[in-house]
$ cat my_file-v4.csv   # CSV, C-alpha atoms
chain,number,residue,atom,x,y,z
J,63,MET,CA,-39.5,120.9,-21.9
J,64,ALA,CA,-41.7,123.9,-21.1
J,65,ASN,CA,-41.1,127.1,-23.0
J,66,LEU,CA,-38.3,129.1,-21.2
J,67,PRO,CA,-38.6,132.9,-20.7
J,68,PHE,CA,-35.2,133.5,-22.3
J,69,THR,CA,-32.9,132.4,-25.2
J,70,LEU,CA,-29.4,131.2,-25.0
J,71,ARG,CA,-28.3,134.4,-26.8
J,72,GLN,CA,-29.9,136.5,-24.1
J,73,LEU,CA,-28.1,134.6,-21.4
J,74,ASP,CA,-24.8,135.1,-23.2
J,75,VAL,CA,-25.4,138.9,-23.5
J,76,PHE,CA,-26.5,139.0,-19.8
J,77,ALA,CA,-23.4,137.1,-18.6
J,78,ASN,CA,-21.1,139.3,-20.6
J,79,LEU,CA,-22.7,142.6,-19.5
J,80,SER,CA,-22.6,141.4,-15.8
J,81,SER,CA,-18.8,141.0,-16.3
J,82,THR,CA,-18.0,144.2,-18.2
J,83,ARG,CA,-20.7,146.5,-16.8
J,84,SER,CA,-20.4,148.3,-20.2
J,85,PHE,CA,-22.8,148.1,-23.1
J,86,ARG,CA,-20.0,149.2,-25.5
J,87,ARG,CA,-17.6,146.6,-24.3
J,88,THR,CA,-20.2,143.9,-24.3
J,89,ALA,CA,-21.1,144.8,-27.9
J,90,GLU,CA,-17.4,144.6,-28.9
J,91,ASN,CA,-16.9,141.3,-27.1
J,92,LEU,CA,-19.9,139.7,-28.8
J,93,GLY,CA,-19.5,141.4,-32.2
J,94,ILE,CA,-22.9,143.1,-32.1
J,95,SER,CA,-24.2,146.6,-31.8
J,96,GLN,CA,-24.8,148.4,-28.5
J,97,ALA,CA,-28.5,148.7,-29.5
J,98,SER,CA,-28.7,145.0,-29.9
J,99,VAL,CA,-27.2,144.5,-26.4
J,100,SER,CA,-29.7,146.9,-24.9
J,101,ASN,CA,-32.6,145.2,-26.7
J,102,GLN,CA,-31.6,141.7,-25.7
J,103,ILE,CA,-31.4,142.8,-22.0
J,104,LYS,CA,-34.7,144.7,-22.2
J,105,THR,CA,-36.5,141.7,-23.8
J,106,LEU,CA,-35.0,139.4,-21.2
J,107,GLU,CA,-36.3,141.6,-18.4
J,108,GLU,CA,-39.7,141.8,-20.0
J,109,GLN,CA,-39.9,138.0,-20.4
J,110,LEU,CA,-38.8,137.4,-16.8
J,111,GLY,CA,-41.0,140.2,-15.4
J,112,VAL,CA,-38.1,141.6,-13.3
J,113,VAL,CA,-35.5,144.3,-13.7
J,114,LEU,CA,-32.0,142.9,-13.7
J,115,PHE,CA,-29.9,146.0,-14.0
J,116,ASP,CA,-30.0,149.5,-12.6
J,117,ARG,CA,-29.3,151.8,-15.6
J,118,LYS,CA,-28.7,155.5,-15.0
J,119,PRO,CA,-27.3,158.0,-17.5
J,120,GLY,CA,-23.6,158.5,-17.2
J,121,ARG,CA,-23.1,155.5,-14.9
J,122,ARG,CA,-22.3,151.9,-15.4
J,123,PRO,CA,-25.1,149.4,-15.3
J,124,THR,CA,-25.3,147.6,-11.9
J,125,LEU,CA,-26.9,144.3,-11.1
J,126,ARG,CA,-29.9,144.6,-8.8
J,127,ALA,CA,-30.7,141.9,-6.2
J,128,GLU,CA,-32.8,140.1,-8.8
J,129,GLY,CA,-29.9,140.3,-11.3
J,130,LEU,CA,-27.4,138.9,-8.8
J,131,ALA,CA,-29.8,136.0,-8.0
J,132,PHE,CA,-30.3,135.4,-11.8
J,133,LEU,CA,-26.5,135.4,-12.3
J,134,GLY,CA,-26.0,132.8,-9.6
J,135,ASP,CA,-28.7,130.5,-11.1
J,136,LEU,CA,-27.2,131.1,-14.6
J,137,ARG,CA,-23.8,129.8,-13.4
J,138,GLU,CA,-25.6,126.6,-12.1
J,139,PHE,CA,-27.3,126.4,-15.5
J,140,GLN,CA,-24.0,126.7,-17.3
J,141,ARG,CA,-22.5,123.9,-15.1
J,142,ALA,CA,-25.5,121.7,-15.8
J,143,CYS,CA,-25.1,122.3,-19.6
J,144,GLU,CA,-21.4,121.4,-19.5
J,145,ALA,CA,-22.2,118.2,-17.6
J,146,LEU,CA,-24.8,117.3,-20.2
J,147,ALA,CA,-22.4,118.1,-23.0
J,148,ASN,CA,-19.9,115.6,-21.5
J,149,HIS,CA,-22.2,112.8,-22.4
J,150,ARG,CA,-21.3,113.4,-26.1
J,151,ARG,CA,-19.5,110.5,-27.6
J,152,HIS,CA,-15.9,111.6,-28.4
J,153,ASP,CA,-14.3,110.6,-31.6
J,154,PRO,CA,-10.8,109.2,-30.8
J,155,ARG,CA,-9.5,111.3,-33.7
J,156,ASP,CA,-10.5,114.4,-31.9
J,157,VAL,CA,-7.7,116.3,-30.3
J,158,GLU,CA,-8.4,118.6,-27.4
J,159,LYS,CA,-7.4,122.2,-28.2
J,160,VAL,CA,-5.2,124.4,-26.1
J,161,THR,CA,-7.2,127.2,-24.4
J,162,THR,CA,-5.5,130.6,-24.0
J,163,PHE,CA,-6.2,133.0,-21.1
J,164,ARG,CA,-5.0,136.6,-20.9
J,165,VAL,CA,-3.6,137.6,-17.5
J,166,LEU,CA,-2.7,141.2,-16.4
J,167,VAL,CA,-0.1,141.7,-13.7
J,168,GLY,CA,2.5,144.2,-12.7
J,169,GLN,CA,6.0,143.6,-14.2
J,170,GLY,CA,7.6,143.4,-10.8
J,171,MET,CA,5.1,140.9,-9.5
J,172,PHE,CA,5.4,138.8,-12.6
J,173,ASP,CA,9.2,138.7,-12.5
J,174,ALA,CA,9.5,138.2,-8.7
J,175,TYR,CA,6.7,135.7,-8.0
J,176,ILE,CA,5.1,134.1,-11.1
J,177,ARG,CA,7.6,133.7,-13.9
J,178,ARG,CA,9.8,131.1,-12.2
J,179,LYS,CA,6.8,128.9,-11.4
J,180,LEU,CA,5.4,128.8,-14.9
J,181,ASP,CA,7.5,125.8,-16.1
J,182,SER,CA,5.9,123.5,-13.5
J,183,PHE,CA,2.4,124.9,-14.2
J,184,PHE,CA,2.6,124.4,-18.0
J,185,ALA,CA,4.1,120.9,-17.6
J,186,ALA,CA,1.1,119.9,-15.4
J,187,HIS,CA,-1.5,121.6,-17.6
J,188,PRO,CA,-0.5,121.2,-21.3
J,189,LEU,CA,-3.9,122.3,-22.6
J,190,VAL,CA,-3.8,125.7,-20.8
J,191,GLU,CA,-1.8,128.6,-22.1
J,192,LEU,CA,-1.4,131.8,-20.1
J,193,GLU,CA,-0.6,135.0,-22.0
J,194,PHE,CA,0.7,137.6,-19.6
J,195,GLU,CA,0.6,141.4,-20.1
J,196,ALA,CA,3.1,142.8,-17.7
J,197,GLN,CA,4.2,146.1,-19.2
J,198,LEU,CA,1.4,148.6,-18.5
J,199,PRO,CA,2.2,151.4,-16.0
J,200,PHE,CA,0.2,151.3,-12.8
J,201,GLY,CA,-2.3,154.0,-13.7
J,202,GLN,CA,-3.6,152.1,-16.7
J,203,LEU,CA,-4.1,148.7,-15.0
J,204,VAL,CA,-7.7,149.1,-13.7
J,205,ASN,CA,-8.8,150.7,-17.0
J,206,ALA,CA,-7.3,147.8,-18.9
J,207,VAL,CA,-9.2,145.2,-16.9
J,208,GLU,CA,-12.4,147.1,-17.3
J,209,SER,CA,-12.0,146.9,-21.0
J,210,GLY,CA,-12.8,143.2,-20.9
J,211,ARG,CA,-9.6,142.2,-22.6
J,212,TYR,CA,-8.3,140.1,-19.6
J,213,ASP,CA,-9.5,136.9,-18.0
J,214,PHE,CA,-7.5,137.3,-14.8
J,215,ALA,CA,-5.6,140.2,-13.1
J,216,LEU,CA,-3.4,140.8,-10.1
J,217,ILE,CA,-2.6,144.4,-9.4
J,218,ASN,CA,-1.5,146.6,-6.4
J,219,GLN,CA,-3.6,149.6,-5.3
J,220,ARG,CA,-3.1,152.0,-2.4
J,221,ALA,CA,-5.4,151.1,0.5
J,222,ASP,CA,-7.0,154.6,0.7
J,223,HIS,CA,-8.6,154.1,-2.7
J,224,LEU,CA,-11.9,152.3,-3.2
J,225,VAL,CA,-11.7,148.8,-4.5
J,226,PRO,CA,-12.9,148.8,-8.1
J,227,ASP,CA,-16.0,146.9,-9.1
J,228,GLY,CA,-15.2,143.3,-10.0
J,229,PHE,CA,-12.0,143.1,-7.9
J,230,GLU,CA,-11.4,141.6,-4.5
J,231,GLU,CA,-8.7,142.3,-1.9
J,232,VAL,CA,-6.6,139.2,-1.3
J,233,ALA,CA,-3.7,140.7,0.7
J,234,LEU,CA,-2.4,143.8,2.3
J,235,VAL,CA,1.3,145.0,2.3
J,236,SER,CA,3.1,148.0,3.8
J,237,GLY,CA,3.6,151.2,1.9
J,238,GLY,CA,5.8,154.1,2.4
J,239,ILE,CA,8.8,156.2,1.2
J,240,TYR,CA,11.7,153.8,0.5
J,241,GLY,CA,15.3,154.5,-0.2
J,242,HIS,CA,18.8,153.0,0.1
J,243,ARG,CA,19.9,152.6,3.7
J,244,LYS,CA,22.7,155.1,3.0
J,245,TYR,CA,20.0,157.8,3.3
J,246,ALA,CA,19.1,156.5,6.8
J,247,ARG,CA,22.6,156.8,8.2
J,248,GLY,CA,22.8,159.2,11.1
J,249,HIS,CA,19.0,159.4,11.3
J,250,LYS,CA,16.4,157.8,13.5
J,251,LEU,CA,13.7,155.9,11.5
J,252,PRO,CA,11.1,156.9,10.6
J,253,MET,CA,12.7,160.0,9.3
J,254,SER,CA,10.9,163.4,9.7
J,255,PRO,CA,9.3,165.1,6.8
J,256,ASP,CA,11.9,167.9,7.0
J,257,GLU,CA,14.7,165.3,6.7
J,258,LEU,CA,13.0,163.7,3.8
J,259,ASN,CA,12.6,167.0,2.0
J,260,ARG,CA,16.3,167.2,1.6
J,261,LEU,CA,16.6,163.9,-0.2
J,262,PRO,CA,16.5,163.3,-4.0
J,263,PHE,CA,13.1,161.9,-5.1
J,264,ILE,CA,12.0,159.7,-8.0
J,265,LEU,CA,8.5,160.3,-9.1
J,266,PRO,CA,6.0,158.7,-11.6
J,267,LYS,CA,5.9,159.9,-15.2
J,268,ALA,CA,6.1,163.7,-15.3
J,269,THR,CA,2.9,165.7,-15.5
J,270,SER,CA,0.9,162.4,-15.2
J,271,LYS,CA,-2.2,161.8,-13.1
J,272,GLN,CA,0.0,159.4,-11.0
J,273,GLU,CA,2.6,162.1,-10.3
J,274,ARG,CA,0.0,164.6,-9.2
J,275,GLU,CA,-1.6,162.0,-6.9
J,276,VAL,CA,1.7,161.1,-5.3
J,277,LEU,CA,2.6,164.7,-4.7
J,278,ARG,CA,-0.8,165.4,-3.2
J,279,ASN,CA,-0.3,162.4,-0.9
J,280,TYR,CA,3.2,163.6,0.1
J,281,GLU,CA,1.7,167.0,0.9
J,282,LYS,CA,-0.8,165.4,3.3
J,283,HIS,CA,2.2,164.1,5.2
J,284,GLY,CA,4.1,167.3,5.1
J,285,VAL,CA,6.6,166.0,2.5
J,286,HIS,CA,7.6,168.5,-0.2
J,287,PRO,CA,10.2,167.1,-2.6
J,288,ARG,CA,12.7,169.8,-3.6
J,289,HIS,CA,15.1,167.7,-5.6
J,290,ILE,CA,13.7,165.5,-8.3
J,291,VAL,CA,16.3,163.2,-9.9
J,292,GLY,CA,14.0,161.2,-12.2
J,293,HIS,CA,10.6,160.1,-13.4
J,294,THR,CA,9.4,156.7,-14.4
J,295,GLN,CA,6.0,155.2,-14.9
J,296,TYR,CA,7.3,151.6,-14.2
J,297,TYR,CA,7.5,150.6,-10.6
J,298,ASP,CA,10.1,147.8,-11.2
J,299,VAL,CA,12.4,150.4,-12.7
J,300,MET,CA,11.8,152.7,-9.7
J,301,ALA,CA,12.8,149.8,-7.4
J,302,ALA,CA,16.0,149.3,-9.3
J,303,MET,CA,16.8,153.0,-9.0
J,304,LEU,CA,16.3,152.8,-5.3
J,305,ASP,CA,18.6,149.8,-5.1
J,306,ARG,CA,21.3,151.8,-6.8
J,307,GLY,CA,20.9,154.6,-4.3
J,308,LEU,CA,19.8,157.1,-6.9
J,309,GLY,CA,16.9,158.5,-4.9
J,310,VAL,CA,13.9,157.7,-2.7
J,311,ALA,CA,10.3,157.0,-3.8
J,312,SER,CA,6.8,156.1,-2.6
J,313,LEU,CA,5.8,152.5,-3.3
J,314,SER,CA,4.6,149.2,-2.0
J,315,ASP,CA,6.9,146.8,-0.1
J,316,ALA,CA,5.8,144.1,-2.5
J,317,ILE,CA,7.5,146.0,-5.4
J,318,LEU,CA,10.9,145.4,-3.8
J,319,PRO,CA,12.4,142.0,-4.7
J,320,ALA,CA,13.7,140.1,-1.7
J,321,SER,CA,17.3,140.6,-2.9
J,322,MET,CA,16.9,144.4,-2.4
J,323,ARG,CA,15.3,144.5,1.0
J,324,LYS,CA,18.6,144.5,2.9
J,325,GLU,CA,19.8,147.6,1.2
J,326,VAL,CA,16.4,149.4,0.5
J,327,VAL,CA,14.5,150.3,3.6
J,328,GLN,CA,11.4,152.1,4.6
J,329,LEU,CA,12.3,155.6,5.6
J,330,TYR,CA,8.7,156.8,6.3
J,331,ALA,CA,5.4,155.0,6.5
J,332,LEU,CA,2.6,156.0,4.2
J,333,GLU,CA,-0.7,154.2,3.3
J,334,ASN,CA,-0.6,150.4,3.0
J,335,TRP,CA,-1.3,148.8,-0.4
J,336,ARG,CA,-3.9,146.2,-1.4
J,337,LEU,CA,-3.2,143.2,-3.7
J,338,LEU,CA,-6.4,143.1,-5.8
J,339,TYR,CA,-7.6,140.0,-7.8
J,340,TYR,CA,-9.9,139.9,-10.8
J,341,ARG,CA,-11.5,137.0,-12.5
J,342,LYS,CA,-13.8,137.4,-15.5
J,343,ASP,CA,-17.1,135.6,-15.3
J,344,LEU,CA,-16.1,132.7,-17.6
J,345,GLY,CA,-18.7,130.2,-16.5
J,346,ALA,CA,-18.0,126.9,-14.8
J,347,ASP,CA,-14.8,125.0,-15.8
J,348,PRO,CA,-12.2,123.4,-13.6
J,349,LYS,CA,-9.5,125.1,-15.6
J,350,TYR,CA,-10.5,128.5,-14.3
J,351,ASP,CA,-10.2,127.4,-10.7
J,352,THR,CA,-6.8,125.8,-11.5
J,353,ILE,CA,-5.5,129.1,-13.0
J,354,GLU,CA,-6.9,131.1,-10.1
J,355,ASN,CA,-5.2,128.8,-7.5
J,356,PHE,CA,-1.9,129.0,-9.4
J,357,LEU,CA,-1.8,132.8,-9.7
J,358,LEU,CA,-2.8,133.5,-6.1
J,359,ALA,CA,-0.6,130.7,-4.6
J,360,SER,CA,2.4,131.9,-6.7
J,361,VAL,CA,2.3,135.2,-4.9
J,362,LEU,CA,0.7,134.7,-1.5
J,363,ASP,CA,2.3,131.4,-0.7
J,364,ASP,CA,5.8,132.6,-1.7
J,365,PRO,CA,7.9,133.1,1.5
J,366,ASP,CA,9.3,136.3,0.0
J,367,TYR,CA,5.9,138.0,-0.4
J,368,PRO,CA,5.7,140.5,2.5
J,369,ALA,CA,1.9,140.3,3.3
J,370,ILE,CA,0.7,142.0,6.5
J,371,SER,CA,-2.6,140.1,6.1
J,372,ARG,CA,-4.2,137.9,3.5
J,373,ASN,CA,-7.8,137.0,2.6
J,374,TRP,CA,-7.1,133.9,0.5
J,375,PRO,CA,-7.8,131.1,0.7

$ encode --input "my_file-v4.csv" --output "structure tokens"
Amino acid sequence: MANLPFTLRQLDVFANLSSTRSFRRTAENLGISQASVSNQIKTLEEQLGVVLFDRKPGRRPTLRAEGLAFLGDLREFQRACEALANHRRHDPRDVEKVTTFRVLVGQGMFDAYIRRKLDSFFAAHPLVELEFEAQLPFGQLVNAVESGRYDFALINQRADHLVPDGFEEVALVSGGIYGHRKYARGHKLPMSPDELNRLPFILPKATSKQEREVLRNYEKHGVHPRHIVGHTQYYDVMAAMLDRGLGVASLSDAILPASMRKEVVQLYALENWRLLYYRKDLGADPKYDTIENFLLASVLDDPDYPAISRNWP
């Protein structure tokens, strides 16, 4: 075989950096120094004679057109390597190992759409283990994914925000100010900002970035909460408070379990919310497609999921 203008180690570093878009996180993932990551990429580019990444001070490295093409070919190369490896003679004493994947989802989405389907998935795929993280508050979700710790993620984001790198929009749901239907009695929906201003509000964690963002968005709509009855950084807790009639809050329709939708109604429409999906570049393996299909189908194919539109499959 002719000499190749790269090493397998360089390909490993390139694939990881393409996924994390962070020299520091790639170094942590591979157990090497940032300088080694930089040198491996620089040497790879020199050997290929092309620049794969745009690198600017203070900004994440971004794949250029040449880098995207190289990444596509690398995935084909990885699939070919795995096909060749399958020719290895297996010792009948060998036992296949269970592979564990880390998945990040919101607690409400996990409880409402995914948890009750896991028994069937695990029974059908005994060599796959899914480890879910479903406790992080909304504002930390994207940062957690960018850390490289998760293999898959499903999170909600307001539609007026830019879709983060590495994510794709798979569905859209309604967003607004929701509250127990008792607050709508005697009023025509949608309620006016003046009517809303008299109601008790539940906000995200006090003094947090999320609280400031929600209040700025309220202000754009002429809503100025005067009576704050509680703060919580967890949207499933917020939904439970709405169901008990403790106040009103801004959230996505998808946060509300189907059992709450008779009593909790949209009082005022705000921006819609996207369902965003992330899959780490893990190479070619049928298990990855199986997990992806399970996660997305668990949510999007559930008759209780209130999608306005969907982009999957």

$ residues_around --input "my_file-v4.csv" --residues "J:Val276" --least-positions-apart "4" --cutoff "12 Å" --atoms "all atoms listed in the file" --output "ChimeraX atom specification"
/J:201,220,238-239,263-272,280-283,285-287,311-313,332-333

$ residues_near_point --input "my_file-v4.csv" --point "(-16.7, 141.4, -17.3)" --cutoff "9 Å" --atoms "all atoms listed in the file" --output "list in words"
Ala77, Asn78, Leu79, Ser80, Ser81, Thr82, Arg83, Ser84, Arg87, Thr88, Val207, Glu208, Ser209, Gly210, Arg211, Tyr212, Asp213, Gly228, Arg341, Lys342, Asp343 and Leu344 of chain J

$ write_last_selection --input "my_file-v4.csv" --atoms "C-alpha atoms" --output "PDB file, keeping the file's coordinate frame"
ATOM      1  CA  ALA J  77     -23.400 137.100 -18.600  1.00  0.00           C
ATOM      2  CA  ASN J  78     -21.100 139.300 -20.600  1.00  0.00           C
ATOM      3  CA  LEU J  79     -22.700 142.600 -19.500  1.00  0.00           C
ATOM      4  CA  SER J  80     -22.600 141.400 -15.800  1.00  0.00           C
ATOM      5  CA  SER J  81     -18.800 141.000 -16.300  1.00  0.00           C
ATOM      6  CA  THR J  82     -18.000 144.200 -18.200  1.00  0.00           C
ATOM      7  CA  ARG J  83     -20.700 146.500 -16.800  1.00  0.00           C
ATOM      8  CA  SER J  84     -20.400 148.300 -20.200  1.00  0.00           C
ATOM      9  CA  ARG J  87     -17.600 146.600 -24.300  1.00  0.00           C
ATOM     10  CA  THR J  88     -20.200 143.900 -24.300  1.00  0.00           C
ATOM     11  CA  VAL J 207      -9.200 145.200 -16.900  1.00  0.00           C
ATOM     12  CA  GLU J 208     -12.400 147.100 -17.300  1.00  0.00           C
ATOM     13  CA  SER J 209     -12.000 146.900 -21.000  1.00  0.00           C
ATOM     14  CA  GLY J 210     -12.800 143.200 -20.900  1.00  0.00           C
ATOM     15  CA  ARG J 211      -9.600 142.200 -22.600  1.00  0.00           C
ATOM     16  CA  TYR J 212      -8.300 140.100 -19.600  1.00  0.00           C
ATOM     17  CA  ASP J 213      -9.500 136.900 -18.000  1.00  0.00           C
ATOM     18  CA  GLY J 228     -15.200 143.300 -10.000  1.00  0.00           C
ATOM     19  CA  ARG J 341     -11.500 137.000 -12.500  1.00  0.00           C
ATOM     20  CA  LYS J 342     -13.800 137.400 -15.500  1.00  0.00           C
ATOM     21  CA  ASP J 343     -17.100 135.600 -15.300  1.00  0.00           C
ATOM     22  CA  LEU J 344     -16.100 132.700 -17.600  1.00  0.00           C
TER      23      LEU J 344
END

$ closest_residue --input "my_file-v4.csv" --among "J:Lys349, J:Lys104, J:Lys244, J:His289" --to "J:Leu329" --atoms "only C-alpha atoms"
J:Lys244

$ closest_residue --input "my_file-v4.csv" --among "J:Thr124, J:Gln72, J:Ser236, J:Ser314" --to "J:Thr105" --atoms "only C-alpha atoms"
J:Gln72

$ closest_residue --input "my_file-v4.csv" --among "J:Pro375, J:Ser360, J:Asp366, J:Val291" --to "J:Ser182" --atoms "only C-alpha atoms"
J:Ser360

$ decode --input "my_file-v4.csv" --residues "stretch 176-187 of chain J" --atoms "N, CA and C atoms" --output "PDB file, in the first residue's frame"
ATOM      1  N   ILE J 176     -39.597   9.322  27.226  1.00  0.00           N
ATOM      2  CA  ILE J 176     -38.532   8.336  27.001  1.00  0.00           C
ATOM      3  C   ILE J 176     -38.534   7.220  28.039  1.00  0.00           C
ATOM      4  N   ARG J 177     -38.669   7.562  29.316  1.00  0.00           N
ATOM      5  CA  ARG J 177     -38.488   6.581  30.385  1.00  0.00           C
ATOM      6  C   ARG J 177     -39.366   5.343  30.203  1.00  0.00           C
ATOM      7  N   ARG J 178     -40.641   5.548  29.880  1.00  0.00           N
ATOM      8  CA  ARG J 178     -41.564   4.408  29.826  1.00  0.00           C
ATOM      9  C   ARG J 178     -41.352   3.518  28.610  1.00  0.00           C
ATOM     10  N   LYS J 179     -40.449   3.904  27.691  1.00  0.00           N
ATOM     11  CA  LYS J 179     -40.166   3.075  26.519  1.00  0.00           C
ATOM     12  C   LYS J 179     -38.818   2.357  26.632  1.00  0.00           C
ATOM     13  N   LEU J 180     -38.107   2.631  27.710  1.00  0.00           N
ATOM     14  CA  LEU J 180     -36.757   2.079  27.848  1.00  0.00           C
ATOM     15  C   LEU J 180     -36.751   0.568  28.056  1.00  0.00           C
ATOM     16  N   ASP J 181     -37.775   0.017  28.712  1.00  0.00           N
ATOM     17  CA  ASP J 181     -37.758  -1.425  28.960  1.00  0.00           C
ATOM     18  C   ASP J 181     -37.724  -2.208  27.660  1.00  0.00           C
ATOM     19  N   SER J 182     -38.531  -1.792  26.694  1.00  0.00           N
ATOM     20  CA  SER J 182     -38.555  -2.488  25.399  1.00  0.00           C
ATOM     21  C   SER J 182     -37.237  -2.313  24.657  1.00  0.00           C
ATOM     22  N   PHE J 183     -36.650  -1.104  24.748  1.00  0.00           N
ATOM     23  CA  PHE J 183     -35.378  -0.862  24.055  1.00  0.00           C
ATOM     24  C   PHE J 183     -34.275  -1.739  24.631  1.00  0.00           C
ATOM     25  N   PHE J 184     -34.149  -1.784  25.946  1.00  0.00           N
ATOM     26  CA  PHE J 184     -33.083  -2.565  26.558  1.00  0.00           C
ATOM     27  C   PHE J 184     -33.273  -4.063  26.311  1.00  0.00           C
ATOM     28  N   ALA J 185     -34.518  -4.512  26.272  1.00  0.00           N
ATOM     29  CA  ALA J 185     -34.776  -5.931  25.994  1.00  0.00           C
ATOM     30  C   ALA J 185     -34.356  -6.290  24.569  1.00  0.00           C
ATOM     31  N   ALA J 186     -34.556  -5.346  23.631  1.00  0.00           N
ATOM     32  CA  ALA J 186     -34.199  -5.605  22.230  1.00  0.00           C
ATOM     33  C   ALA J 186     -32.713  -5.405  21.962  1.00  0.00           C
ATOM     34  N   HIS J 187     -32.018  -4.639  22.820  1.00  0.00           N
ATOM     35  CA  HIS J 187     -30.598  -4.321  22.571  1.00  0.00           C
ATOM     36  C   HIS J 187     -29.804  -4.530  23.861  1.00  0.00           C
TER      37      HIS J 187
END
